[in-house]
file data-v8.cif (mmCIF, C-alpha atoms and all ligand atoms)
data_target
loop_
_atom_site.label_atom_id
_atom_site.label_comp_id
_atom_site.auth_asym_id
_atom_site.auth_seq_id
_atom_site.Cartn_x
_atom_site.Cartn_y
_atom_site.Cartn_z
CA MET A 8 46.02 -57.13 -25.29
CA ARG A 9 43.91 -55.72 -28.10
CA ILE A 10 40.81 -56.39 -26.15
CA TYR A 11 42.29 -54.59 -23.13
CA GLY A 12 43.18 -51.68 -25.41
CA ARG A 13 39.60 -51.44 -26.61
CA LEU A 14 38.28 -51.71 -23.10
CA LEU A 15 40.66 -48.95 -22.04
CA ILE A 16 39.50 -46.72 -24.88
CA SER A 17 35.85 -47.27 -24.12
CA LEU A 18 36.52 -46.71 -20.44
CA LEU A 19 38.28 -43.46 -21.28
CA ALA A 20 35.39 -42.44 -23.54
CA LEU A 21 32.93 -43.25 -20.79
CA ALA A 22 34.99 -41.35 -18.28
CA SER A 23 35.07 -38.26 -20.49
CA VAL A 24 31.30 -38.44 -20.94
CA VAL A 25 30.93 -38.60 -17.17
CA ILE A 26 33.33 -35.69 -16.72
CA VAL A 27 31.55 -33.59 -19.35
CA SER A 28 28.14 -34.20 -17.89
CA ALA A 29 29.42 -33.65 -14.37
CA GLY A 30 30.89 -30.36 -15.62
CA GLY A 31 27.52 -29.44 -17.07
CA ALA A 32 25.77 -30.20 -13.82
CA GLN A 33 28.38 -28.17 -11.97
CA ALA A 34 27.86 -25.20 -14.29
CA GLY A 35 24.12 -25.47 -13.70
CA LYS A 36 24.69 -25.52 -9.96
CA ASP A 37 26.92 -22.45 -10.14
CA LYS A 38 24.21 -20.62 -12.02
CA ALA A 39 21.62 -21.59 -9.41
CA VAL A 40 23.91 -20.37 -6.65
CA LYS A 41 24.63 -17.06 -8.39
CA ALA A 42 21.00 -16.21 -9.18
CA PRO A 43 19.75 -13.66 -6.63
CA PRO A 44 17.44 -15.24 -4.07
CA GLU A 45 13.72 -14.67 -4.63
CA PRO A 46 12.61 -11.81 -2.40
CA ILE A 47 10.44 -13.02 0.47
CA ASP A 48 7.05 -11.42 0.93
CA GLY A 49 6.94 -10.24 4.55
CA ALA A 50 3.15 -10.01 4.55
CA LEU A 51 2.96 -13.66 3.54
CA VAL A 52 5.42 -14.66 6.26
CA TYR A 53 3.23 -12.79 8.71
CA ARG A 54 0.08 -14.58 7.58
CA GLN A 55 1.75 -17.99 7.66
CA THR A 56 3.81 -17.63 10.82
CA CYS A 57 2.34 -15.21 13.29
CA ASN A 58 -0.95 -16.96 13.94
CA ARG A 59 0.54 -20.37 14.54
CA CYS A 60 0.62 -20.06 18.31
CA HIS A 61 -1.77 -17.23 19.11
CA ASN A 62 -4.47 -15.12 17.47
CA ALA A 63 -4.78 -11.51 16.63
CA ARG A 64 -2.38 -9.07 18.15
CA THR A 65 -3.59 -5.58 18.95
CA VAL A 66 -2.85 -2.34 17.17
CA ASP A 67 -0.45 -1.28 19.91
CA GLU A 68 1.55 -4.45 19.59
CA LEU A 69 1.71 -4.34 15.83
CA ASN A 70 2.44 -0.68 15.13
CA PRO A 71 5.68 0.01 13.27
CA ALA A 72 7.38 1.46 16.33
CA SER A 73 7.11 -1.70 18.42
CA TRP A 74 7.42 -4.07 15.49
CA GLU A 75 11.17 -4.56 15.76
CA LEU A 76 10.91 -5.53 19.41
CA VAL A 77 8.03 -7.89 18.80
CA ILE A 78 9.83 -9.61 15.93
CA ALA A 79 13.02 -9.95 17.97
CA HIS A 80 11.06 -11.57 20.79
CA MET A 81 9.06 -13.84 18.46
CA ARG A 82 12.12 -14.78 16.43
CA VAL A 83 13.55 -16.50 19.48
CA ARG A 84 10.21 -17.96 20.60
CA ALA A 85 9.24 -19.29 17.19
CA GLY A 86 12.67 -19.94 15.68
CA ILE A 87 11.82 -17.88 12.61
CA PRO A 88 14.56 -18.08 9.93
CA GLN A 89 16.72 -14.97 9.56
CA ARG A 90 15.60 -14.26 5.98
CA ASP A 91 11.96 -14.35 7.07
CA VAL A 92 12.74 -12.01 9.94
CA GLU A 93 14.37 -9.57 7.54
CA ALA A 94 11.35 -9.73 5.24
CA LEU A 95 9.02 -9.10 8.18
CA LEU A 96 11.05 -6.12 9.35
CA LEU A 97 11.24 -4.66 5.88
CA TRP A 98 7.55 -5.20 5.36
CA MET A 99 6.47 -3.28 8.44
CA ASN A 100 9.30 -0.74 8.38
CA PRO A 101 10.09 0.01 4.75
CA PRO A 102 13.10 2.30 4.17
CA ASP A 103 10.85 5.31 3.49
CA GLN A 104 8.93 4.75 6.71
CA LEU A 105 6.45 7.57 7.28
CA SER A 106 5.48 9.04 10.63
CA GLU A 107 1.90 8.51 11.74
CA ALA A 108 1.03 12.12 10.80
CA GLU A 109 2.50 11.52 7.34
CA ARG A 110 0.58 8.27 6.97
CA ILE A 111 -2.66 10.07 7.79
CA ALA A 112 -1.84 12.85 5.33
CA GLN A 113 -1.02 10.27 2.66
CA ALA A 114 -4.33 8.46 3.19
CA LEU A 115 -6.24 11.73 2.91
CA GLU A 116 -4.33 12.72 -0.20
CA PHE A 117 -4.97 9.46 -2.06
CA TYR A 118 -8.42 8.73 -0.69
CA PRO A 119 -10.09 12.03 0.26
CA ASP A 120 -13.46 10.37 -0.37
CA ILE A 121 -12.71 7.44 1.98
CA PRO A 122 -11.94 9.18 5.30
CA GLN A 123 -12.26 5.87 7.22
CA LEU A 124 -8.84 4.91 5.84
CA SER A 125 -7.01 7.79 7.48
CA GLN A 126 -8.89 7.17 10.72
CA THR A 127 -8.46 3.43 11.11
CA CYS A 128 -6.02 2.00 8.61
CA VAL A 129 -2.73 3.77 9.28
CA GLN A 130 -1.79 2.55 12.76
CA CYS A 131 0.12 -0.49 11.54
CA HIS A 132 1.11 0.29 7.96
CA ASP A 133 0.83 3.09 5.44
CA THR A 134 -1.61 3.11 2.53
CA SER A 135 0.88 1.71 0.00
CA ARG A 136 -0.59 -1.80 0.65
CA VAL A 137 -4.05 -0.42 -0.01
CA ARG A 138 -2.90 1.32 -3.19
CA ASP A 139 -1.15 -1.84 -4.42
CA ALA A 140 -4.35 -3.81 -3.94
CA VAL A 141 -6.44 -1.10 -5.61
CA SER A 142 -4.20 -1.01 -8.66
CA ALA A 143 -4.26 -4.82 -8.77
CA GLY A 144 -8.03 -4.45 -9.20
CA GLN A 145 -8.99 -6.53 -6.14
CA ASP A 146 -12.71 -7.28 -5.94
CA THR A 147 -15.35 -7.21 -3.21
CA ALA A 148 -14.63 -10.79 -2.09
CA TRP A 149 -10.93 -10.01 -1.69
CA TRP A 150 -11.55 -6.83 0.31
CA THR A 151 -14.06 -8.62 2.52
CA VAL A 152 -11.55 -11.32 3.44
CA THR A 153 -8.70 -8.83 3.85
CA LEU A 154 -10.62 -6.41 6.05
CA ARG A 155 -11.83 -9.25 8.24
CA ARG A 156 -8.20 -10.22 8.68
CA MET A 157 -7.28 -6.61 9.53
CA ARG A 158 -9.95 -6.67 12.22
CA SER A 159 -8.57 -9.91 13.60
CA TYR A 160 -5.21 -8.13 13.91
CA GLY A 161 -6.90 -5.37 15.88
CA ALA A 162 -8.01 -2.77 13.31
CA LYS A 163 -10.70 -0.87 15.16
CA ILE A 164 -13.60 -0.87 12.71
CA ASP A 165 -17.21 -1.90 13.31
CA THR A 166 -19.19 -4.01 10.85
CA ALA A 167 -20.79 -0.96 9.24
CA THR A 168 -17.44 0.71 8.60
CA GLU A 169 -16.05 -2.56 7.32
CA GLY A 170 -18.90 -2.75 4.79
CA GLU A 171 -18.39 0.85 3.70
CA LEU A 172 -14.69 0.28 3.21
CA VAL A 173 -15.24 -2.90 1.21
CA THR A 174 -17.67 -1.13 -1.12
CA ALA A 175 -15.53 1.98 -1.53
CA LEU A 176 -12.27 0.11 -2.08
CA ALA A 177 -13.71 -2.47 -4.48
CA ASP A 178 -15.28 0.41 -6.42
CA ARG A 179 -11.94 2.23 -6.62
CA ALA A 180 -10.19 -0.98 -7.64
CA SER A 181 -12.70 -1.63 -10.43
CA LYS A 182 -11.75 1.76 -11.91
CA ALA A 183 -8.04 1.25 -11.25
CA PRO A 184 -6.74 1.29 -14.84
CA GLN A 185 -8.14 4.81 -15.33
CA GLU A 186 -6.40 6.16 -12.24
C1 LIG B 201 6.07 -20.67 18.41
C2 LIG B 201 4.89 -19.96 18.80
C3 LIG B 201 4.78 -18.50 18.40
C4 LIG B 201 4.85 -17.97 17.14
C5 LIG B 201 5.06 -18.69 15.81
C6 LIG B 201 4.66 -16.54 17.30
N1 LIG B 201 4.45 -16.23 18.61
FE1 LIG B 201 4.02 -14.40 19.39
N2 LIG B 201 3.94 -15.17 21.26
C7 LIG B 201 4.10 -16.50 21.60
C8 LIG B 201 3.96 -16.66 23.03
C9 LIG B 201 4.08 -17.98 23.79
C10 LIG B 201 3.72 -15.36 23.56
C11 LIG B 201 3.45 -14.96 25.02
C12 LIG B 201 4.61 -15.20 25.90
C13 LIG B 201 5.78 -14.34 25.57
O1 LIG B 201 5.65 -13.14 25.49
O2 LIG B 201 6.89 -14.92 25.40
C14 LIG B 201 3.71 -14.45 22.43
C15 LIG B 201 3.51 -13.09 22.54
C16 LIG B 201 3.39 -12.22 21.47
C17 LIG B 201 3.13 -10.80 21.58
C18 LIG B 201 2.92 -10.03 22.85
C19 LIG B 201 4.02 -9.04 23.11
C20 LIG B 201 5.33 -9.65 23.48
O3 LIG B 201 6.37 -9.28 22.87
O4 LIG B 201 5.36 -10.45 24.41
C21 LIG B 201 3.11 -10.29 20.31
C22 LIG B 201 2.85 -8.86 19.89
C23 LIG B 201 3.39 -11.40 19.40
N3 LIG B 201 3.55 -12.56 20.13
C24 LIG B 201 3.47 -11.27 18.04
C25 LIG B 201 3.89 -12.27 17.17
C26 LIG B 201 4.24 -12.07 15.79
C27 LIG B 201 4.19 -10.73 15.06
C28 LIG B 201 4.61 -13.29 15.29
C29 LIG B 201 5.14 -13.62 13.90
C30 LIG B 201 6.43 -13.05 13.59
C31 LIG B 201 4.48 -14.27 16.37
N4 LIG B 201 4.06 -13.61 17.50
C32 LIG B 201 4.73 -15.62 16.25
C33 LIG B 201 4.34 -17.53 20.71
C34 LIG B 201 4.51 -17.41 19.34
C1 LIG B 202 -3.44 -3.99 13.76
C2 LIG B 202 -2.57 -3.65 12.66
C3 LIG B 202 -3.27 -3.37 11.33
C4 LIG B 202 -4.28 -2.46 11.07
C5 LIG B 202 -4.95 -1.48 12.02
C6 LIG B 202 -4.58 -2.57 9.65
N1 LIG B 202 -3.75 -3.51 9.08
FE1 LIG B 202 -3.68 -4.00 7.11
N2 LIG B 202 -2.15 -5.31 7.48
C7 LIG B 202 -1.65 -5.62 8.73
C8 LIG B 202 -0.69 -6.69 8.61
C9 LIG B 202 0.10 -7.31 9.76
C10 LIG B 202 -0.63 -7.03 7.25
C11 LIG B 202 0.27 -8.11 6.58
C12 LIG B 202 -0.27 -9.48 6.77
C13 LIG B 202 -1.50 -9.73 5.94
O1 LIG B 202 -1.55 -9.31 4.77
O2 LIG B 202 -2.42 -10.34 6.48
C14 LIG B 202 -1.57 -6.14 6.57
C15 LIG B 202 -1.80 -6.14 5.19
C16 LIG B 202 -2.73 -5.33 4.54
C17 LIG B 202 -2.98 -5.36 3.11
C18 LIG B 202 -2.24 -6.23 2.09
C19 LIG B 202 -2.92 -7.55 1.99
C20 LIG B 202 -2.43 -8.37 0.83
O3 LIG B 202 -2.77 -9.57 0.79
O4 LIG B 202 -1.73 -7.85 -0.03
C21 LIG B 202 -4.00 -4.48 2.87
C22 LIG B 202 -4.63 -4.15 1.53
C23 LIG B 202 -4.39 -3.91 4.14
N3 LIG B 202 -3.58 -4.45 5.13
C24 LIG B 202 -5.41 -2.99 4.29
C25 LIG B 202 -5.81 -2.47 5.51
C26 LIG B 202 -6.95 -1.59 5.68
C27 LIG B 202 -7.87 -1.10 4.56
C28 LIG B 202 -6.99 -1.27 7.01
C29 LIG B 202 -8.04 -0.42 7.73
C30 LIG B 202 -9.32 -1.04 7.92
C31 LIG B 202 -5.89 -1.96 7.67
N4 LIG B 202 -5.20 -2.67 6.74
C32 LIG B 202 -5.58 -1.86 9.01
C33 LIG B 202 -1.98 -4.99 9.91
C34 LIG B 202 -2.95 -4.03 10.08
#
call {"tool": "encode", "arguments": {"input": "data-v8.cif", "output": "structure tokens"}}
result
Amino acid sequence: MRIYGRLLISLLALASVVIVSAGGAQAGKDKAVKAPPEPIDGALVYRQTCNRCHNARTVDELNPASWELVIAHMRVRAGIPQRDVEALLLWMNPPDQLSEAERIAQALEFYPDIPQLSQTCVQCHDTSRVRDAVSAGQDTAWWTVTLRRMRSYGAKIDTATEGELVTALADRASKAPQE
């Protein structure tokens, strides 16, 4: 009997340890559930998803106006998860979406000395991506890779213009902290 009593006590002790630790794990889980989900970078989704089945799309297909339609079509084709779709839509059509005329004016305002931007870089997105990259201090290598990618999407720039843009943007980025 005594031995059963002891066994019972140790079983109870063990059980409470299990309950406590299970409770701890549960609390941890609750926290994980409550934490807001990491925002998804729409540009990254684009880079990782949209060239899986085909190459470069053209400017006309990628401009903000047709974006929603394209994404809707591709969502079904490619089975893109809803959260990724939302990130893609938000990326190309941010809430403060500017008209093309406004995007051109914005490019000229921020980069009066780089007119190529207002001529060739506003069909698909505004210059906020360019400004982000400039203030991040991106270097020549980064701009070279990025502009090549923009061309593969259908940005209409020749090699000479691409070179000019790389030089001008890397130069601006190297002075970014003073801006
Ligand atoms: C699973 C493969 C697959 C993926 C991933 C994919 N596409 Fe497509 N896409 C296709 C096929 C196949 C076509 C041509 C046939 C069609 O239109 O259904 C196409 C056509 C297009 C077109 C031509 C216009 C149109 O609506 O028909 C555009 C633009 C396009 N895709 C953009 C995108 C973008 C942007 C993404 C990323 C969100 C993407 N695609 C991801 C398979 C894919
Ligand atoms: C045909 C449509 C199109 C045109 C034209 C275009 N872009 Fe883009 N741009 C995109 C897309 C789509 C993305 C997001 C996917 C990516 O980053 O590759 C992007 C992203 C960017 C980014 C962010 C890249 C990053 O990694 O943060 C920069 C900077 C940029 N573009 C600069 C430019 C410049 C400069 C031009 C003019 C030469 C240009 N774009 C023209 C479609 C375009």
call {"tool": "atom_distance", "arguments": {"input": "data-v8.cif", "atom1": "CA of Ala162 in chain A", "atom2": "CA of Ala175 in chain A"}}
result
17.3 Å
call {"tool": "closest_atom_pairs", "arguments": {"input": "data-v8.cif", "of": "chain A", "to": "ligand LIG 201 (chain B)", "cutoff": "7 Å", "atoms": "only C-alpha atoms and all ligand atoms", "output": "tab-separated table"}}
result
residue	atom	partner	partner_atom	distance
A:Tyr53	CA	B:LIG201	C29	5.6
A:Thr56	CA	B:LIG201	C29	5.2
A:Cys57	CA	B:LIG201	C29	3.3
A:Asn58	CA	B:LIG201	C32	6.3
A:Arg59	CA	B:LIG201	C5	5.0
A:Cys60	CA	B:LIG201	C2	4.3
A:His61	CA	B:LIG201	C34	6.3
A:Arg64	CA	B:LIG201	C22	5.5
A:Glu68	CA	B:LIG201	C22	4.6
A:Leu69	CA	B:LIG201	C22	6.2
A:Leu76	CA	B:LIG201	O3	6.8
A:Val77	CA	B:LIG201	O3	4.6
A:Ile78	CA	B:LIG201	C30	5.4
A:His80	CA	B:LIG201	O3	5.6
A:Met81	CA	B:LIG201	C31	5.1
A:Arg82	CA	B:LIG201	C30	6.6
A:Arg84	CA	B:LIG201	C1	5.4
A:Ala85	CA	B:LIG201	C1	3.7
call {"tool": "residues_near_ligand", "arguments": {"input": "data-v8.cif", "ligand": "ligand LIG 202 (chain B)", "cutoff": "7 Å", "atoms": "all atoms listed in the file", "output": "ChimeraX atom specification"}}
result
/A:50-51,53-54,64-66,69-70,124,127-132,136-137,140,153-154,156-157,160-164,169
call {"tool": "write_last_selection", "arguments": {"input": "data-v8.cif", "atoms": "C-alpha atoms", "output": "PDB file, keeping the file's coordinate frame"}}
result
ATOM      1  CA  ALA A  50       3.150 -10.010   4.550  1.00  0.00           C
ATOM      2  CA  LEU A  51       2.960 -13.660   3.540  1.00  0.00           C
ATOM      3  CA  TYR A  53       3.230 -12.790   8.710  1.00  0.00           C
ATOM      4  CA  ARG A  54       0.080 -14.580   7.580  1.00  0.00           C
ATOM      5  CA  ARG A  64      -2.380  -9.070  18.150  1.00  0.00           C
ATOM      6  CA  THR A  65      -3.590  -5.580  18.950  1.00  0.00           C
ATOM      7  CA  VAL A  66      -2.850  -2.340  17.170  1.00  0.00           C
ATOM      8  CA  LEU A  69       1.710  -4.340  15.830  1.00  0.00           C
ATOM      9  CA  ASN A  70       2.440  -0.680  15.130  1.00  0.00           C
ATOM     10  CA  LEU A 124      -8.840   4.910   5.840  1.00  0.00           C
ATOM     11  CA  THR A 127      -8.460   3.430  11.110  1.00  0.00           C
ATOM     12  CA  CYS A 128      -6.020   2.000   8.610  1.00  0.00           C
ATOM     13  CA  VAL A 129      -2.730   3.770   9.280  1.00  0.00           C
ATOM     14  CA  GLN A 130      -1.790   2.550  12.760  1.00  0.00           C
ATOM     15  CA  CYS A 131       0.120  -0.490  11.540  1.00  0.00           C
ATOM     16  CA  HIS A 132       1.110   0.290   7.960  1.00  0.00           C
ATOM     17  CA  ARG A 136      -0.590  -1.800   0.650  1.00  0.00           C
ATOM     18  CA  VAL A 137      -4.050  -0.420  -0.010  1.00  0.00           C
ATOM     19  CA  ALA A 140      -4.350  -3.810  -3.940  1.00  0.00           C
ATOM     20  CA  THR A 153      -8.700  -8.830   3.850  1.00  0.00           C
ATOM     21  CA  LEU A 154     -10.620  -6.410   6.050  1.00  0.00           C
ATOM     22  CA  ARG A 156      -8.200 -10.220   8.680  1.00  0.00           C
ATOM     23  CA  MET A 157      -7.280  -6.610   9.530  1.00  0.00           C
ATOM     24  CA  TYR A 160      -5.210  -8.130  13.910  1.00  0.00           C
ATOM     25  CA  GLY A 161      -6.900  -5.370  15.880  1.00  0.00           C
ATOM     26  CA  ALA A 162      -8.010  -2.770  13.310  1.00  0.00           C
ATOM     27  CA  LYS A 163     -10.700  -0.870  15.160  1.00  0.00           C
ATOM     28  CA  ILE A 164     -13.600  -0.870  12.710  1.00  0.00           C
ATOM     29  CA  GLU A 169     -16.050  -2.560   7.320  1.00  0.00           C
TER      30      GLU A 169
END
call {"tool": "atom_distance", "arguments": {"input": "data-v8.cif", "atom1": "CA of Ala114 in chain A", "atom2": "CA of Asp178 in chain A"}}
result
16.6 Å
call {"tool": "atom_distance", "arguments": {"input": "data-v8.cif", "atom1": "CA of Gln123 in chain A", "atom2": "CA of Ile111 in chain A"}}
result
10.5 Å
call {"tool": "closest_residue", "arguments": {"input": "data-v8.cif", "among": "A:Gly170, A:Pro101, A:Pro122, A:Pro46", "to": "Trp74 in chain A", "atoms": "all atoms listed in the file"}}
result
A:Pro101
call {"tool": "residues_near_point", "arguments": {"input": "data-v8.cif", "point": "(-16.3, -5.2, 1.1)", "cutoff": "8 Å", "atoms": "all atoms listed in the file", "output": "list in words"}}
result
Thr147, Ala148, Trp149, Trp150, Thr151, Leu154, Glu169, Gly170, Glu171, Leu172, Val173, Thr174, Ala175, Leu176 and Ala177 of chain A
call {"tool": "residues_around", "arguments": {"input": "data-v8.cif", "residues": "Arg138 in chain A", "least_positions_apart": "3", "cutoff": "10 Å", "atoms": "all atoms listed in the file", "output": "CSV table (one decimal) with C-alpha atoms, in the frame of the given file"}}
result
chain,number,residue,atom,x,y,z
A,114,ALA,CA,-4.3,8.5,3.2
A,117,PHE,CA,-5.0,9.5,-2.1
A,118,TYR,CA,-8.4,8.7,-0.7
A,133,ASP,CA,0.8,3.1,5.4
A,134,THR,CA,-1.6,3.1,2.5
A,135,SER,CA,0.9,1.7,0.0
A,141,VAL,CA,-6.4,-1.1,-5.6
A,142,SER,CA,-4.2,-1.0,-8.7
A,143,ALA,CA,-4.3,-4.8,-8.8
A,144,GLY,CA,-8.0,-4.4,-9.2
A,176,LEU,CA,-12.3,0.1,-2.1
A,179,ARG,CA,-11.9,2.2,-6.6
A,180,ALA,CA,-10.2,-1.0,-7.6
A,183,ALA,CA,-8.0,1.2,-11.2
